[in-house]
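Remarks on the structure that follows.
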Amino acid sequence: MGGTNQASAGGDSRDSSYWEVDADGAWAAYQPGGGRPWDLRGAAHLYRRAAFGANRGELQQALADGPQAAVTRLVRSPGEMAEFQRAFDQYDRAAESSGSDDGPRAWWLRRMIETPHPLQEKMTLFWHSHFGISRARVTTGRLMVRLIHVLRGQSLGHYGEMLAAVLREPALFLGLSADANRKALPNDRVARQLLAQYGPGPEAFDEGDVCETARALTGWFVLRDELRFVEREHDTGVKRILGQSGPWTSEDALRIVLQHPATALNIVRRVYRWLISETGEPETRWIEPLAASFRKDYDIGRLVETMLRSNCFFSPQAYRQRVKSPVELALSLIRPLEGNVPTLGLGGVLAELGQNLFRPPTVKGWLGGRHWLNPVAMMERVQLAMALLTPGGAYGAGLDPLAVVPRHDVADPAAGAQFLLNVLLGGDVPEEVRERLCRRATESDAAELPGRLRELAQDIVTLPEFQLA
């Protein structure tokens with residue numbers, strides 16, 4: 001495999017496996033052939049974006065299935081989801097009753113680690129950032145957990161239905177300091193977010209639209225942690241929102257926002273940055289076909305599936321063009337090594353790294369990209385990965401590569417090194433790095449191999465390629 005070019009925010013391996021695409025063929029389904037083979041690198045790329053990495057069995061299954069069937073497997077809800085949810089019911093209740101952030105964070109991380117439907121959790125994490133609601137102003141953890149359940153339920157559903165459901169959650173109004181929306185004093189915070197973040201975007205409206213939308217939202221109050229409509233406090237007068245006039249209610253405001261052509265474009269751009277690339281804004285001509293399709297019914301699942309199946313997704317424009325968030329970084333080590341670690345402390349460490357679940361830093365969520373990387377953060381990210389691989393520390397027995405390797409009939413030390421490179425990096429590292437790691441493995445005798453495999457895994461997580469999704 002070729003190396004990576006670290007001149008950009010992500011690597012850009014331009015060899016016979018990957019190719020340039022243009023706007024005309026960007027969203028057509030990727031079909032292997034000729035200089036475009038379906039290989040380990042492509043399968044690992046798919047699982048880094050649509051999941052939190054893949055273990056060896058998942059990678060082998062994806063290679064055997066081919067790219068389109070592999071995407072289908074990730075997008076469709078697996079049959080064991082009902083059983084998984086029943087097992088998690090008790091954890092849900094415990095998270096809701098927690099008096100601090102620790103319980104809910106540990107609960108959600110545990111779900112991300114164990115879920116048979118990782119794309120659902122990956123998209124729930126995306127929507128959590130998109131809506132930007134923080135526990136800082138929300139009175140109880142129960143309301144935040146309830147909001148996450150709403151986001152998860154529609155994470156691959158319909159954006160209009162998701163937005164309508166979120167606009168009925170007390171956590172939204174409390175999180176935006178908009179728990180009282182009086183006729184005489186409209187609160188514009190929800191209205192502003194609806195237009196700027198959840199709807200058409202900041203270039204599509206003016207302050208008049210904000211004021212009129214706020215009037216449409218009057219009458220909604222959070223009382224005793226429940227959202228209630230007080231009819232006498234609703235402004236029944238005519239409002240003009242995004243060019244449409246009428247005696248609009250909150251439902252009308254939502255309808256008008258969804259009808260605006262810029263709303264679909266805004267959401268597609270955000271999903272593009274999450275699934276395809278965050279190293280620059282895509283030209284409108286690239287994403288307008290997706291936005292036109294999305295605008296018809298706001299089907300998130302279809303949008304995600306189209307992106308994941310596409311030539312664009314399996315091209316240099318997407319390959320290693322995202323920086324892993326702290327949550328993605330930790331899970332991209334835990335899931336491929338088929339491990340399980342205590343999540344109570346892990347949630348706190350991830351918060352220190354800048355991704356405090358249930359507490360996005362602003363109403364715009366986490367900015368991502370290069371904002372995750374600075375010299376101090378890089379050191380702390382590597383320290384976290386090292387700690388996860390260290391026995392007897394903060395994560396109990398830690399992740400043990402030696403426990404995973406024999407499960408896959410890998411006995412030779414050099415093969416063990418290649419196994420770790422495959423599951424953690426899709427096998428795609430510069431040749432000199434591969435040779436160095438395999439040479440170190442073969443220098444070990446049988447008694448040293450357990451410790452040496454941990455050391456090799458620790459070496460791998462220090463590579464710049466491991467920081468990229």
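Letters A, B, ... mark the chains of the structure tokens in the order given; residue numbers begin at 1 per chain; ligand numbers begin at 1, in order shown.
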Could you build a table of the residues in stretch 281-389 of chain A lying no more than 10 Å from stretch 142-166 of chain A, giving for each the nearest pair of atoms and their separation in Å rounded to one decimal place, using only C-alpha atoms, ordered by chain and ascending residue number, as a tab-separated table?
```
residue	atom	partner	partner_atom	distance
A:Phe294	CA	A:Tyr159	CA	9.4
A:Arg295	CA	A:Tyr159	CA	9.9
A:Asp297	CA	A:His158	CA	7.3
A:Tyr298	CA	A:Tyr159	CA	5.3
A:Asp299	CA	A:His158	CA	4.6
A:Ile300	CA	A:Leu156	CA	5.1
A:Gly301	CA	A:Leu156	CA	4.4
A:Arg302	CA	A:Leu156	CA	8.1
A:Leu303	CA	A:Leu156	CA	8.9
A:Val304	CA	A:Leu156	CA	7.8
A:Glu305	CA	A:Leu156	CA	9.5
A:Phe358	CA	A:Met144	CA	7.0
A:Arg359	CA	A:Met144	CA	9.7
```
Quiz item: Any idea what's packed within 12 Å of A:Arg135, counting only C-alpha atoms, ignoring anything in its chain fewer than 3 positions away? Could you give it as a PyMOL selection string?
Solution: chain A and resi 99-102+104-105+128+132+138-148+170-177+356-363
Quiz prompt | Distance query stretch 112-126 of chain A at most 8 Å, only C-alpha atoms, self and fewer than 5 positions along chain excluded, as a list in words | solution = Ala50, Ala51, Phe52, Leu74, Val75, Ser77, Pro78, Glu80, Met81, Phe84, Ile148, Leu151, Arg152, Ser155, Leu156, Trp274, Leu331, Ile334, Arg335 and Asn340 of chain A
Put those residues in a file: C-alpha atoms, as a compact mmCIF listing (two decimals), in the first residue's frame.
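Okay, again.txt is ready:
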```txt
# COMPACT_ATOMS: atom_id res chain seq x y z
CA ALA A 50 -19.77 4.74 9.09
CA ALA A 51 -18.81 3.10 12.39
CA PHE A 52 -15.97 3.48 14.88
CA LEU A 74 -23.99 -0.97 8.00
CA VAL A 75 -27.09 1.02 7.06
CA SER A 77 -30.76 -2.15 11.40
CA PRO A 78 -29.52 -5.62 12.41
CA GLU A 80 -30.24 -8.29 17.17
CA MET A 81 -31.03 -4.62 17.88
CA PHE A 84 -29.54 -5.30 22.51
CA ILE A 148 -30.40 11.69 22.92
CA LEU A 151 -31.94 11.96 18.16
CA ARG A 152 -31.12 8.25 18.02
CA SER A 155 -30.72 9.53 13.36
CA LEU A 156 -31.34 7.73 10.06
CA TRP A 274 -19.12 14.34 8.73
CA LEU A 331 -13.53 3.80 20.04
CA ILE A 334 -11.54 -0.32 21.53
CA ARG A 335 -13.85 -1.78 18.88
CA ASN A 340 -14.25 -3.55 26.79
```
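Across the model, the gap from atom CA of A:Pro326 to atom CA of A:Met379 is 12.4 Å.
You will find atom CA of A:Glu432 at 19.7 Å from atom CA of A:Arg320.
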Exercise. Could you pull out the residues in stretch 124-358 of chain A that DSSP calls alpha helix (DSSP H) from the backbone, as JSON, numbers by chain?
Key: {"A": [124, 125, 126, 127, 128, 129, 130, 131, 141, 142, 143, 144, 145, 146, 147, 148, 149, 150, 151, 152, 153, 159, 160, 161, 162, 163, 164, 165, 166, 170, 171, 172, 173, 174, 175, 189, 190, 191, 192, 193, 194, 195, 196, 207, 208, 209, 210, 211, 212, 213, 214, 215, 216, 250, 251, 252, 253, 254, 255, 256, 257, 258, 259, 261, 262, 263, 264, 265, 266, 267, 268, 269, 270, 271, 272, 273, 274, 275, 284, 285, 286, 287, 288, 289, 290, 291, 292, 293, 294, 295, 296, 297, 300, 301, 302, 303, 304, 305, 306, 307, 308, 309, 326, 327, 328, 329, 330, 331, 332, 333, 334, 343, 344, 345, 346, 347, 348, 349, 350, 351, 352]}
